[in-house]
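Chemist: Below is the file run_39.tsv, which contains TSV, C-alpha atoms.
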```tsv
chain	number	residue	atom	x	y	z
M	1	MET	CA	-125.07	-160.81	-207.35
M	2	THR	CA	-123.25	-160.66	-210.65
M	3	LEU	CA	-125.10	-159.18	-213.59
M	4	ILE	CA	-124.74	-161.40	-216.60
M	5	ASP	CA	-124.20	-160.27	-220.15
M	6	VAL	CA	-127.33	-159.20	-222.02
M	7	ARG	CA	-126.32	-161.45	-224.93
M	8	LEU	CA	-126.50	-164.46	-222.63
M	9	GLN	CA	-129.96	-163.38	-221.42
M	10	GLU	CA	-131.08	-163.00	-225.04
M	11	ALA	CA	-129.82	-166.46	-225.94
M	12	LEU	CA	-131.58	-167.98	-222.93
M	13	ASP	CA	-134.77	-166.16	-223.91
M	14	GLY	CA	-134.51	-167.65	-227.40
M	15	ASP	CA	-133.90	-164.26	-228.98
M	16	ARG	CA	-130.30	-164.97	-230.05
M	17	ASP	CA	-128.57	-167.97	-231.58
M	18	PRO	CA	-126.32	-169.38	-228.80
M	19	ALA	CA	-123.74	-170.28	-231.45
M	20	THR	CA	-123.03	-166.56	-231.83
M	21	LEU	CA	-121.98	-166.21	-228.18
M	22	PRO	CA	-118.31	-165.86	-227.28
M	23	ALA	CA	-116.79	-168.93	-225.67
M	24	ASP	CA	-117.15	-167.83	-222.03
M	25	LEU	CA	-120.80	-166.89	-222.47
M	26	ARG	CA	-121.51	-170.08	-224.38
M	27	GLU	CA	-120.08	-172.09	-221.48
M	28	ALA	CA	-122.36	-170.23	-219.05
M	29	TYR	CA	-125.30	-170.75	-221.41
M	30	GLU	CA	-124.67	-174.50	-221.54
M	31	ARG	CA	-124.29	-174.68	-217.78
M	32	LEU	CA	-127.68	-173.07	-217.15
M	33	VAL	CA	-129.35	-175.20	-219.81
M	34	ARG	CA	-127.83	-178.34	-218.26
M	35	ALA	CA	-129.09	-177.24	-214.84
M	36	ALA	CA	-132.60	-176.77	-216.21
M	37	VAL	CA	-132.52	-180.21	-217.83
M	38	MET	CA	-131.50	-181.75	-214.50
M	39	LEU	CA	-134.45	-180.06	-212.80
M	40	ARG	CA	-136.85	-181.65	-215.28
M	41	ASP	CA	-136.19	-185.03	-213.73
M	42	ALA	CA	-138.34	-184.98	-210.59
M	43	PRO	CA	-139.94	-188.37	-210.06
M	44	VAL	CA	-142.99	-188.11	-207.81
M	45	ALA	CA	-145.64	-190.80	-207.44
M	46	SER	CA	-148.86	-190.11	-209.33
M	47	VAL	CA	-151.75	-188.62	-207.40
M	48	ALA	CA	-154.30	-189.59	-210.08
M	49	ASP	CA	-156.05	-192.20	-207.93
M	50	ARG	CA	-156.37	-189.80	-204.99
M	51	VAL	CA	-157.78	-187.10	-207.20
M	52	MET	CA	-160.26	-189.34	-209.01
M	53	THR	CA	-161.51	-190.67	-205.68
M	54	GLU	CA	-162.35	-187.10	-204.67
M	55	VAL	CA	-163.81	-186.37	-208.10
M	56	ARG	CA	-166.19	-189.34	-207.80
M	57	ARG	CA	-167.28	-188.11	-204.37
M	58	ALA	CA	-167.90	-184.56	-205.61
M	59	PRO	CA	-171.20	-183.56	-207.19
M	60	ALA	CA	-171.20	-184.10	-210.93
M	61	HIS	CA	-171.17	-181.12	-213.29
M	62	PRO	CA	-173.71	-179.66	-213.49
M	63	ALA	CA	-174.77	-180.17	-209.89
M	64	PRO	CA	-178.15	-181.81	-210.39
M	65	GLY	CA	-179.51	-180.93	-206.97
M	66	VAL	CA	-178.90	-177.22	-207.41
M	67	ALA	CA	-180.17	-177.21	-210.99
M	68	ARG	CA	-183.37	-179.03	-210.09
M	69	ARG	CA	-183.91	-176.80	-207.08
M	70	LEU	CA	-183.46	-173.63	-209.08
M	71	ALA	CA	-185.74	-174.93	-211.82
M	72	GLY	CA	-188.38	-175.67	-209.22
M	73	TRP	CA	-188.10	-172.22	-207.69
M	74	LEU	CA	-188.33	-170.52	-211.05
M	75	ALA	CA	-191.30	-172.60	-212.22
M	76	GLU	CA	-193.41	-171.85	-209.15
M	77	PRO	CA	-195.10	-168.46	-208.65
M	78	ARG	CA	-193.73	-166.85	-205.49
M	79	ALA	CA	-193.97	-163.54	-203.66
M	80	PHE	CA	-191.31	-160.95	-204.39
M	81	THR	CA	-188.86	-159.67	-201.82
M	82	VAL	CA	-185.90	-157.44	-202.52
M	83	ARG	CA	-182.42	-158.24	-201.38
M	84	LEU	CA	-180.62	-155.38	-199.65
M	85	ARG	CA	-178.16	-153.74	-202.00
M	86	PRO	CA	-176.04	-150.57	-201.90
M	87	LEU	CA	-178.03	-147.38	-201.99
M	88	TRP	CA	-177.34	-146.34	-205.54
M	89	THR	CA	-178.09	-149.84	-206.77
M	90	LEU	CA	-181.47	-149.50	-205.16
M	91	ALA	CA	-181.91	-146.18	-206.95
M	92	LEU	CA	-181.20	-147.86	-210.26
M	93	ALA	CA	-183.52	-150.68	-209.33
M	94	ALA	CA	-186.24	-148.16	-208.49
M	95	ALA	CA	-185.81	-146.54	-211.89
M	96	LEU	CA	-186.34	-149.94	-213.38
M	97	GLY	CA	-189.22	-150.77	-211.09
M	98	ALA	CA	-191.80	-151.03	-213.83
M	99	VAL	CA	-189.70	-153.61	-215.54
M	100	LEU	CA	-188.44	-155.46	-212.52
M	101	PHE	CA	-191.73	-156.03	-210.74
M	102	LEU	CA	-193.14	-158.26	-213.40
M	103	PRO	CA	-196.49	-159.89	-212.72
M	104	GLY	CA	-194.98	-163.36	-212.72
M	105	GLU	CA	-192.40	-162.38	-210.14
M	106	GLU	CA	-194.70	-160.52	-207.76
M	107	SER	CA	-196.21	-163.70	-206.46
M	108	VAL	CA	-192.90	-165.40	-205.69
M	109	ALA	CA	-192.79	-166.68	-202.11
M	110	PRO	CA	-189.42	-167.94	-201.01
M	111	GLY	CA	-189.18	-170.36	-198.14
M	112	ALA	CA	-188.27	-169.35	-194.61
M	113	GLU	CA	-184.56	-169.76	-195.29
M	114	GLU	CA	-184.58	-168.26	-198.77
M	115	GLY	CA	-184.62	-164.82	-200.35
M	116	ILE	CA	-184.75	-163.32	-203.79
M	117	ALA	CA	-181.59	-161.97	-205.32
M	118	GLN	CA	-182.05	-159.48	-208.09
M	119	PHE	CA	-179.36	-158.58	-210.55
M	120	VAL	CA	-179.06	-155.40	-212.58
M	121	GLY	CA	-176.24	-154.45	-214.90
M	122	HIS	CA	-175.65	-151.86	-217.61
M	123	PHE	CA	-174.07	-153.54	-220.63
M	124	PRO	CA	-174.93	-151.52	-223.74
M	125	GLY	CA	-174.50	-153.48	-226.94
M	126	ALA	CA	-174.30	-156.86	-225.19
M	127	ARG	CA	-175.94	-159.78	-226.96
M	128	SER	CA	-176.35	-161.79	-223.75
M	129	VAL	CA	-175.62	-161.43	-220.06
M	130	ASP	CA	-175.63	-164.39	-217.68
M	131	VAL	CA	-175.14	-164.54	-213.96
M	132	VAL	CA	-172.85	-167.33	-212.85
M	133	GLY	CA	-171.97	-167.98	-209.27
M	134	SER	CA	-171.43	-170.32	-206.41
M	135	PHE	CA	-175.20	-171.00	-206.47
M	136	ASN	CA	-175.28	-172.37	-210.03
M	137	ASP	CA	-171.87	-174.03	-210.22
M	138	TRP	CA	-170.54	-171.09	-212.27
M	139	ARG	CA	-172.40	-172.41	-215.26
M	140	PRO	CA	-173.24	-169.88	-217.99
M	141	GLY	CA	-176.80	-170.27	-219.21
M	142	ALA	CA	-178.32	-171.20	-215.87
M	143	LEU	CA	-179.39	-167.64	-215.07
M	144	PRO	CA	-179.67	-165.41	-218.18
M	145	LEU	CA	-180.60	-161.77	-217.63
M	146	ARG	CA	-183.13	-159.94	-219.80
M	147	ASP	CA	-183.12	-156.63	-221.65
M	148	GLU	CA	-186.59	-156.46	-223.17
M	149	ASP	CA	-186.43	-152.84	-224.26
M	150	HIS	CA	-182.87	-153.04	-225.59
M	151	ASP	CA	-181.62	-150.11	-223.53
M	152	GLY	CA	-178.55	-151.99	-222.33
M	153	ILE	CA	-179.91	-152.51	-218.82
M	154	TRP	CA	-180.06	-156.21	-218.09
M	155	HIS	CA	-181.94	-157.62	-215.15
M	156	GLY	CA	-183.22	-160.79	-213.57
M	157	ALA	CA	-184.01	-162.36	-210.24
M	158	VAL	CA	-183.69	-165.74	-208.63
M	159	VAL	CA	-184.56	-167.36	-205.34
M	160	LEU	CA	-181.49	-168.39	-203.40
M	161	PRO	CA	-180.80	-169.89	-200.03
M	162	ALA	CA	-180.15	-167.27	-197.38
M	163	GLY	CA	-176.47	-166.54	-196.87
M	164	GLN	CA	-173.47	-165.33	-198.78
M	165	HIS	CA	-172.97	-166.14	-202.47
M	166	GLU	CA	-170.25	-165.20	-204.96
M	167	TYR	CA	-171.11	-164.30	-208.54
M	168	MET	CA	-169.98	-162.72	-211.79
M	169	PHE	CA	-171.64	-161.48	-214.95
M	170	VAL	CA	-170.71	-163.23	-218.20
M	171	VAL	CA	-171.22	-160.88	-221.12
M	172	ASP	CA	-171.72	-162.38	-224.60
M	173	GLY	CA	-170.72	-165.76	-223.26
M	174	GLU	CA	-167.07	-164.88	-222.85
M	175	ARG	CA	-166.34	-161.70	-220.89
M	176	TRP	CA	-166.44	-162.17	-217.11
M	177	VAL	CA	-167.23	-158.98	-215.26
M	178	ALA	CA	-167.54	-158.41	-211.53
M	179	ASP	CA	-170.77	-156.57	-210.76
M	180	PRO	CA	-169.69	-152.91	-210.41
M	181	LEU	CA	-172.69	-152.34	-208.17
M	182	ALA	CA	-171.86	-155.06	-205.69
M	183	GLY	CA	-171.10	-153.76	-202.27
M	184	ARG	CA	-168.56	-156.43	-201.48
M	185	TYR	CA	-165.93	-158.45	-203.33
M	186	VAL	CA	-163.65	-161.37	-202.54
M	187	ASP	CA	-160.55	-162.68	-204.27
M	188	ASP	CA	-161.56	-165.37	-206.77
M	189	GLY	CA	-158.92	-167.69	-205.33
M	190	PHE	CA	-157.07	-168.17	-208.57
M	191	GLY	CA	-154.48	-165.43	-208.23
M	192	GLY	CA	-154.05	-162.41	-210.45
M	193	GLY	CA	-156.01	-160.14	-208.16
M	194	ARG	CA	-159.35	-160.85	-209.82
M	195	GLN	CA	-162.39	-160.64	-207.62
M	196	ASN	CA	-165.82	-162.14	-207.48
M	197	ALA	CA	-168.76	-160.01	-206.41
M	198	VAL	CA	-170.50	-161.03	-203.21
M	199	LEU	CA	-174.19	-160.87	-202.46
M	200	ILE	CA	-175.88	-161.60	-199.18
M	201	VAL	CA	-179.37	-163.02	-199.39
M	202	ARG	CA	-181.54	-162.44	-196.37
M	203	PRO	CA	-184.57	-164.63	-195.67
W	1	MET	CA	-150.46	-180.60	-226.21
W	2	SER	CA	-150.54	-184.36	-226.02
W	3	ASP	CA	-152.70	-186.62	-228.15
W	4	GLY	CA	-156.40	-186.98	-227.51
W	5	PRO	CA	-159.31	-184.59	-227.61
W	6	PRO	CA	-158.44	-180.92	-227.12
W	7	ASP	CA	-158.90	-179.44	-223.66
W	8	PRO	CA	-162.09	-177.46	-224.43
W	9	GLU	CA	-163.74	-180.67	-225.65
W	10	VAL	CA	-162.72	-182.58	-222.53
W	11	ILE	CA	-163.92	-179.74	-220.32
W	12	ALA	CA	-167.28	-179.67	-222.11
W	13	ARG	CA	-167.68	-183.40	-221.45
W	14	ILE	CA	-166.90	-182.96	-217.76
W	15	LEU	CA	-169.27	-180.02	-217.41
W	16	ALA	CA	-171.96	-182.10	-219.08
W	17	GLY	CA	-171.62	-184.60	-216.24
W	18	ASP	CA	-168.86	-186.99	-217.38
W	19	GLY	CA	-166.60	-186.74	-214.33
W	20	GLU	CA	-164.44	-189.65	-215.48
W	21	ALA	CA	-163.20	-187.48	-218.36
W	22	PHE	CA	-161.23	-185.51	-215.78
W	23	GLY	CA	-158.79	-188.43	-215.84
W	24	VAL	CA	-157.77	-187.32	-219.34
W	25	LEU	CA	-156.72	-183.94	-217.97
W	26	ILE	CA	-154.89	-185.51	-215.04
W	27	ARG	CA	-152.86	-187.74	-217.36
W	28	ARG	CA	-152.13	-184.77	-219.57
W	29	TYR	CA	-150.96	-182.29	-216.95
W	30	GLU	CA	-150.06	-184.18	-213.79
W	31	PRO	CA	-146.38	-184.85	-214.66
W	32	GLY	CA	-145.63	-181.18	-215.27
W	33	LEU	CA	-147.60	-180.02	-212.23
W	34	LEU	CA	-145.80	-182.51	-209.97
W	35	ARG	CA	-142.44	-181.41	-211.34
W	36	PHE	CA	-143.34	-177.74	-210.87
W	37	ALA	CA	-144.60	-178.25	-207.31
W	38	THR	CA	-141.58	-180.37	-206.39
W	39	ARG	CA	-139.23	-177.65	-207.57
W	40	MET	CA	-141.25	-174.99	-205.76
W	41	LEU	CA	-141.44	-176.85	-202.45
W	42	GLY	CA	-138.30	-178.98	-202.50
W	43	ASP	CA	-140.29	-181.83	-200.98
W	44	PRO	CA	-141.92	-184.56	-203.09
W	45	ASP	CA	-144.55	-185.42	-200.48
W	46	ALA	CA	-145.64	-181.82	-200.03
W	47	ALA	CA	-145.64	-181.43	-203.80
W	48	ALA	CA	-147.91	-184.45	-204.23
W	49	ASP	CA	-150.32	-183.02	-201.67
W	50	ALA	CA	-150.28	-179.62	-203.33
W	51	VAL	CA	-150.98	-181.07	-206.77
W	52	ALA	CA	-153.72	-183.39	-205.54
W	53	GLU	CA	-155.45	-180.52	-203.73
W	54	SER	CA	-155.05	-178.29	-206.76
W	55	LEU	CA	-156.52	-180.82	-209.18
W	56	VAL	CA	-159.52	-181.47	-206.92
W	57	ARG	CA	-160.05	-177.72	-206.63
W	58	ALA	CA	-159.73	-177.37	-210.39
W	59	TYR	CA	-162.39	-180.05	-210.91
W	60	ARG	CA	-164.80	-178.40	-208.49
W	61	HIS	CA	-164.33	-175.00	-210.11
W	62	LEU	CA	-163.91	-176.15	-213.69
W	63	ALA	CA	-166.83	-174.01	-214.84
W	64	GLN	CA	-164.80	-171.01	-213.66
W	65	CYS	CA	-162.00	-171.75	-216.13
W	66	ARG	CA	-162.62	-168.70	-218.26
W	67	ASP	CA	-160.56	-169.80	-221.22
W	68	PRO	CA	-160.59	-173.58	-221.67
W	69	ALA	CA	-157.94	-173.28	-224.38
W	70	ARG	CA	-155.56	-172.05	-221.68
W	71	LEU	CA	-156.35	-174.75	-219.17
W	72	ARG	CA	-152.67	-175.53	-218.67
W	73	SER	CA	-151.90	-172.02	-217.43
W	74	TRP	CA	-154.97	-172.11	-215.20
W	75	LEU	CA	-153.84	-175.36	-213.58
W	76	TYR	CA	-150.35	-174.00	-213.00
W	77	ARG	CA	-151.88	-170.90	-211.43
W	78	ILE	CA	-153.93	-172.93	-208.98
W	79	THR	CA	-150.95	-175.14	-208.17
W	80	GLY	CA	-148.65	-172.14	-207.79
W	81	ASN	CA	-151.09	-170.56	-205.35
W	82	ARG	CA	-151.26	-173.78	-203.39
W	83	CYS	CA	-147.46	-173.95	-203.25
W	84	ARG	CA	-147.26	-170.36	-202.03
W	85	SER	CA	-149.78	-171.11	-199.30
W	86	HIS	CA	-147.72	-174.11	-198.28
W	87	LEU	CA	-144.55	-172.03	-198.14
W	88	ALA	CA	-146.31	-169.32	-196.14
W	89	ARG	CA	-147.55	-171.90	-193.62
W	90	ARG	CA	-144.03	-173.22	-193.36
W	91	GLY	CA	-142.98	-169.76	-192.29
W	92	SER	CA	-140.42	-168.90	-194.93
W	93	GLY	CA	-140.57	-168.58	-198.68
W	94	ASP	CA	-137.00	-169.72	-198.94
W	95	LEU	CA	-136.50	-173.43	-198.67
W	96	SER	CA	-134.13	-174.35	-195.94
W	97	LEU	CA	-131.19	-176.26	-197.29
W	98	ASP	CA	-132.09	-179.07	-194.95
W	99	ASP	CA	-135.49	-179.24	-196.61
W	100	ALA	CA	-133.97	-179.63	-200.02
W	101	ASN	CA	-132.21	-182.77	-201.09
W	102	PRO	CA	-129.01	-183.64	-199.24
W	103	PRO	CA	-126.09	-181.40	-200.10
W	104	ALA	CA	-123.63	-182.57	-202.66
W	105	VAL	CA	-120.39	-183.89	-201.34
W	106	ALA	CA	-117.83	-181.59	-202.83
W	107	ASP	CA	-114.40	-180.58	-201.71
W	108	ALA	CA	-111.82	-178.18	-203.01
W	109	ALA	CA	-110.55	-180.71	-205.51
W	110	ASP	CA	-113.95	-181.17	-207.11
W	111	THR	CA	-114.99	-179.49	-210.32
W	112	TRP	CA	-118.31	-179.63	-212.07
W	113	VAL	CA	-117.16	-182.36	-214.44
W	114	THR	CA	-115.72	-184.57	-211.73
W	115	LEU	CA	-118.92	-184.64	-209.71
W	116	GLU	CA	-121.27	-187.55	-210.13
W	117	ARG	CA	-124.56	-186.64	-211.80
W	118	GLY	CA	-126.45	-187.10	-208.53
W	119	GLU	CA	-124.14	-184.63	-206.86
W	120	GLN	CA	-124.56	-182.19	-209.71
W	121	VAL	CA	-128.35	-182.45	-209.43
W	122	ALA	CA	-128.16	-181.89	-205.67
W	123	LEU	CA	-126.08	-178.77	-206.23
W	124	VAL	CA	-128.54	-177.38	-208.74
W	125	GLU	CA	-131.45	-178.14	-206.42
W	126	ARG	CA	-129.73	-176.35	-203.57
W	127	ALA	CA	-129.05	-173.34	-205.74
W	128	LEU	CA	-132.69	-173.26	-206.85
W	129	ALA	CA	-133.91	-173.65	-203.26
W	130	ALA	CA	-131.89	-170.59	-202.24
W	131	LEU	CA	-133.88	-168.37	-204.63
W	132	SER	CA	-136.92	-166.42	-203.49
W	133	PRO	CA	-140.23	-168.16	-204.34
W	134	GLU	CA	-140.97	-165.59	-207.08
W	135	LYS	CA	-137.63	-166.10	-208.81
W	136	ARG	CA	-137.79	-169.85	-208.32
W	137	GLU	CA	-141.26	-169.96	-209.86
W	138	ALA	CA	-140.22	-167.79	-212.80
W	139	PHE	CA	-137.11	-169.86	-213.54
W	140	VAL	CA	-138.95	-173.17	-213.27
W	141	LEU	CA	-141.86	-172.08	-215.47
W	142	LYS	CA	-139.48	-170.68	-218.09
W	143	HIS	CA	-136.69	-173.21	-218.20
W	144	VAL	CA	-138.08	-176.38	-216.67
W	145	GLU	CA	-141.67	-176.23	-217.90
W	146	GLY	CA	-140.69	-174.44	-221.11
W	147	MET	CA	-143.42	-171.80	-220.97
W	148	SER	CA	-143.45	-168.63	-223.05
W	149	TYR	CA	-143.63	-165.36	-221.17
W	150	ASP	CA	-147.27	-165.07	-222.28
W	151	GLU	CA	-148.09	-168.42	-220.71
W	152	MET	CA	-146.16	-167.48	-217.58
W	153	ALA	CA	-148.17	-164.28	-217.27
W	154	ALA	CA	-151.38	-166.28	-217.48
W	155	ALA	CA	-150.07	-168.82	-214.97
W	156	THR	CA	-148.88	-166.31	-212.40
W	157	GLY	CA	-150.90	-163.15	-212.94
W	158	ALA	CA	-147.64	-161.18	-213.05
W	159	ARG	CA	-146.77	-158.81	-215.89
W	160	ILE	CA	-144.32	-159.94	-218.55
W	161	PRO	CA	-141.62	-157.33	-217.74
W	162	THR	CA	-141.79	-158.40	-214.10
W	163	LEU	CA	-141.43	-162.04	-215.08
W	164	LYS	CA	-138.48	-161.31	-217.36
W	165	MET	CA	-136.74	-159.49	-214.55
W	166	ARG	CA	-137.34	-162.40	-212.17
W	167	VAL	CA	-136.02	-164.90	-214.71
W	168	HIS	CA	-132.94	-162.78	-215.38
W	169	ARG	CA	-132.18	-162.41	-211.67
W	170	ALA	CA	-132.72	-166.13	-211.10
W	171	ARG	CA	-130.27	-166.97	-213.89
W	172	GLU	CA	-127.69	-164.66	-212.39
W	173	ALA	CA	-128.04	-166.18	-208.94
W	174	LEU	CA	-127.92	-169.73	-210.26
W	175	LEU	CA	-124.94	-169.08	-212.45
W	176	GLU	CA	-123.10	-167.51	-209.56
W	177	ALA	CA	-123.89	-170.47	-207.33
W	178	LEU	CA	-122.81	-172.98	-209.93
W	179	GLU	CA	-119.65	-171.09	-210.87
W	180	GLU	CA	-118.14	-172.01	-207.53
W	181	LEU	CA	-117.35	-175.37	-209.02
W	182	VAL	CA	-115.86	-174.37	-212.35
```
What does the file become when written as structure tokens?
Modeler:
Amino acid sequence: MTLIDVRLQEALDGDRDPATLPADLREAYERLVRAAVMLRDAPVASVADRVMTEVRRAPAHPAPGVARRLAGWLAEPRAFTVRLRPLWTLALAAALGAVLFLPGEESVAPGAEEGIAQFVGHFPGARSVDVVGSFNDWRPGALPLRDEDHDGIWHGAVVLPAGQHEYMFVVDGERWVADPLAGRYVDDGFGGGRQNAVLIVRP
Amino acid sequence: MSDGPPDPEVIARILAGDGEAFGVLIRRYEPGLLRFATRMLGDPDAAADAVAESLVRAYRHLAQCRDPARLRSWLYRITGNRCRSHLARRGSGDLSLDDANPPAVADAADTWVTLERGEQVALVERALAALSPEKREAFVLKHVEGMSYDEMAAATGARIPTLKMRVHRAREALLEALEELV
């Protein structure tokens, strides 16, 4: 492959006026620009109807069934069970036991195919921390964590269907953070190597 | 950005339950996404499938769009991933020349200026198809979609120096391919 003159690269990057190029480089510049213009003409039939058909079939945002179900779970007193987490997460949870085992949560009783997921994160200085995930349509605000004593340790719990769920913390409404205490992660599916945390809820 | 409400406003409407508002985003970004996918895959039908699947996926995961002001980059990222999956399933990242549009009819007497425009386009498409998917993507995002390197980084997840190198190498390969017909 032939290396091309750095001045031509600069002109193509918009960092140099192409009029300042010598004639041979200007010809090469114009050839590449013409090629790019040709590639802009790519007539393909619209897929808008196909997509909107699927959109109308999909659950609306926010998914009303999930939202109503979660609201119902949270409103009803239930017995408390603890989801299995990595050992040192459990240690942190134990240290927070007095806070976590709140009277209202002790009586939570999930159904046969449900379990309680509890979330703990250390975010000193945060104004808010939400949990978003596959179980709440990744909607900030649906599951806010609490930090009653303002020590930067945020926590909360929710009843979820048994099985695998993906989730992230959203700090101050804008910073998405994978739970550093999660034992498992999966690619978020959008490239860039970012990962969602994974939790497994056992009934 | 085209006319109409800004992307974050449209996204807020959709997330509040107005699914029909997604049509605004389709009209806004579909032409570029189809062009991008067509250039990546060299096949209009496969490109249409890739874009349709990407847009449906984007709708379902719209709440995961972490920066609504950069929706365009997010959509290109999803579509780029879909194109890469398609190429991987096809078994080779490089488009076969048979997969691309028919080769231009050129003989020793031809020069660039004597070729019909359709033949010129076919030559350029063949040269693009011969690039690796990474270089092809970088060249198309830069010179066909007109993205800045910042936008390209958001759309691909690659670092800016890496993208610059890919664009530079793609230019060199294309220029060399097209110089055969000076």
Chemist: Identify, on the basis of all atoms listed in the file, every residue whose closest approach to range 7-19 of chain M does not exceed 8 Å; exclude the query and any residue fewer than 6 positions from it along the same chain; express the result as a ChimeraX atom specification.
Modeler: /M:25-26,28-29 /W:168
Chemist: What are the closest atom pairs, with distances in Å to one decimal, for each residue of chain M lying within 8 Å of chain W, using all atoms listed in the file, rows by chain and rising residue number, as JSON lines?
Modeler:
```
{"residue": "M:Met1", "atom": "CA", "partner": "W:Ala173", "partner_atom": "CA", "distance": 6.3}
{"residue": "M:Thr2", "atom": "CA", "partner": "W:Glu172", "partner_atom": "CA", "distance": 6.2}
{"residue": "M:Leu3", "atom": "CA", "partner": "W:Glu172", "partner_atom": "CA", "distance": 6.2}
{"residue": "M:Ile4", "atom": "CA", "partner": "W:Glu172", "partner_atom": "CA", "distance": 6.1}
{"residue": "M:Gln9", "atom": "CA", "partner": "W:His168", "partner_atom": "CA", "distance": 6.8}
{"residue": "M:Ala28", "atom": "CA", "partner": "W:Leu175", "partner_atom": "CA", "distance": 7.2}
{"residue": "M:Arg31", "atom": "CA", "partner": "W:Leu175", "partner_atom": "CA", "distance": 7.8}
{"residue": "M:Leu32", "atom": "CA", "partner": "W:Leu175", "partner_atom": "CA", "distance": 6.7}
{"residue": "M:Val33", "atom": "CA", "partner": "W:His143", "partner_atom": "CA", "distance": 7.8}
{"residue": "M:Ala35", "atom": "CA", "partner": "W:Val124", "partner_atom": "CA", "distance": 6.1}
{"residue": "M:Ala36", "atom": "CA", "partner": "W:Val144", "partner_atom": "CA", "distance": 5.5}
{"residue": "M:Val37", "atom": "CA", "partner": "W:Val144", "partner_atom": "CA", "distance": 6.9}
{"residue": "M:Met38", "atom": "CA", "partner": "W:Val121", "partner_atom": "CA", "distance": 6.0}
{"residue": "M:Leu39", "atom": "CA", "partner": "W:Val144", "partner_atom": "CA", "distance": 6.5}
{"residue": "M:Arg40", "atom": "CA", "partner": "W:Val144", "partner_atom": "CA", "distance": 5.6}
{"residue": "M:Asp41", "atom": "CA", "partner": "W:Arg35", "partner_atom": "CA", "distance": 7.6}
{"residue": "M:Ala42", "atom": "CA", "partner": "W:Arg35", "partner_atom": "CA", "distance": 5.5}
{"residue": "M:Pro43", "atom": "CA", "partner": "W:Arg35", "partner_atom": "CA", "distance": 7.5}
{"residue": "M:Val44", "atom": "CA", "partner": "W:Pro44", "partner_atom": "CA", "distance": 6.0}
{"residue": "M:Ala45", "atom": "CA", "partner": "W:Ala48", "partner_atom": "CA", "distance": 7.5}
{"residue": "M:Ser46", "atom": "CA", "partner": "W:Glu30", "partner_atom": "CA", "distance": 7.5}
{"residue": "M:Val47", "atom": "CA", "partner": "W:Ala52", "partner_atom": "CA", "distance": 5.9}
{"residue": "M:Ala48", "atom": "CA", "partner": "W:Ile26", "partner_atom": "CA", "distance": 6.4}
{"residue": "M:Arg50", "atom": "CA", "partner": "W:Ala52", "partner_atom": "CA", "distance": 7.0}
{"residue": "M:Val51", "atom": "CA", "partner": "W:Ala52", "partner_atom": "CA", "distance": 5.7}
{"residue": "M:Met52", "atom": "CA", "partner": "W:Gly23", "partner_atom": "CA", "distance": 7.0}
{"residue": "M:Glu54", "atom": "CA", "partner": "W:Val56", "partner_atom": "CA", "distance": 6.7}
{"residue": "M:Val55", "atom": "CA", "partner": "W:Val56", "partner_atom": "CA", "distance": 6.6}
{"residue": "M:Arg56", "atom": "CA", "partner": "W:Gly19", "partner_atom": "CA", "distance": 7.0}
{"residue": "M:Ala58", "atom": "CA", "partner": "W:Arg60", "partner_atom": "CA", "distance": 7.5}
{"residue": "M:Ala60", "atom": "CA", "partner": "W:Gly17", "partner_atom": "CA", "distance": 5.4}
{"residue": "M:His61", "atom": "CA", "partner": "W:Gly17", "partner_atom": "CA", "distance": 4.6}
{"residue": "M:Pro62", "atom": "CA", "partner": "W:Leu15", "partner_atom": "CA", "distance": 5.9}
{"residue": "M:Asp137", "atom": "CA", "partner": "W:Ala63", "partner_atom": "CA", "distance": 6.8}
{"residue": "M:Trp138", "atom": "CA", "partner": "W:Ala63", "partner_atom": "CA", "distance": 5.4}
{"residue": "M:Arg139", "atom": "CA", "partner": "W:Ala63", "partner_atom": "CA", "distance": 5.8}
{"residue": "M:Glu174", "atom": "CA", "partner": "W:Arg66", "partner_atom": "CA", "distance": 7.4}
{"residue": "M:Trp176", "atom": "CA", "partner": "W:Arg66", "partner_atom": "CA", "distance": 7.7}
{"residue": "M:Phe190", "atom": "CA", "partner": "W:Ile78", "partner_atom": "CA", "distance": 5.7}
{"residue": "M:Gly191", "atom": "CA", "partner": "W:Gly157", "partner_atom": "CA", "distance": 6.3}
{"residue": "M:Gly192", "atom": "CA", "partner": "W:Gly157", "partner_atom": "CA", "distance": 4.1}
{"residue": "M:Gly193", "atom": "CA", "partner": "W:Gly157", "partner_atom": "CA", "distance": 7.6}
```
Chemist: For CA of Asp7 in chain W and CA of Gly141 in chain M, quote the distance in Å rounded to one decimal.
Modeler: 20.6 Å
Chemist: Compute the distance from (-156.5, -181.3, -225.3) to each atom, counting only C-alpha atoms, keep the residues with any atom at most 10 Å away, and return them as a list in words; use the coordinates of the file.
Modeler: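 Residues with an atom at most 10 Å from (-156.5, -181.3, -225.3): Met1, Ser2, Asp3, Gly4, Pro5, Pro6, Asp7, Pro8, Glu9, Val10, Ile11, Val24, Leu25, Arg28, Pro68, Ala69, Arg70, Leu71 and Arg72 of chain W.
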Chemist: Between CA of Asp151 in chain M and CA of Pro124 in chain M, what is the spacing in Å?
Modeler: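 Separation of CA of Pro124 in chain M and CA of Asp151 in chain M: 6.8 Å.
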Chemist: So how many Å separate CA of Pro59 in chain M and CA of Ser73 in chain W, to one decimal?
Modeler: 24.7 Å
Chemist: Can you list, as a list in words, every protein, DNA or RNA residue that comes within 7 Å of range 199-203 of chain M when you count all atoms listed in the file, leaving out same-chain residues fewer than 3 positions away?
Modeler: Arg83, Ala112, Glu113, Glu114, Gly115, Ile116, Ala117, Ala162, Gly163, Gln164, His165 and Glu166 of chain M
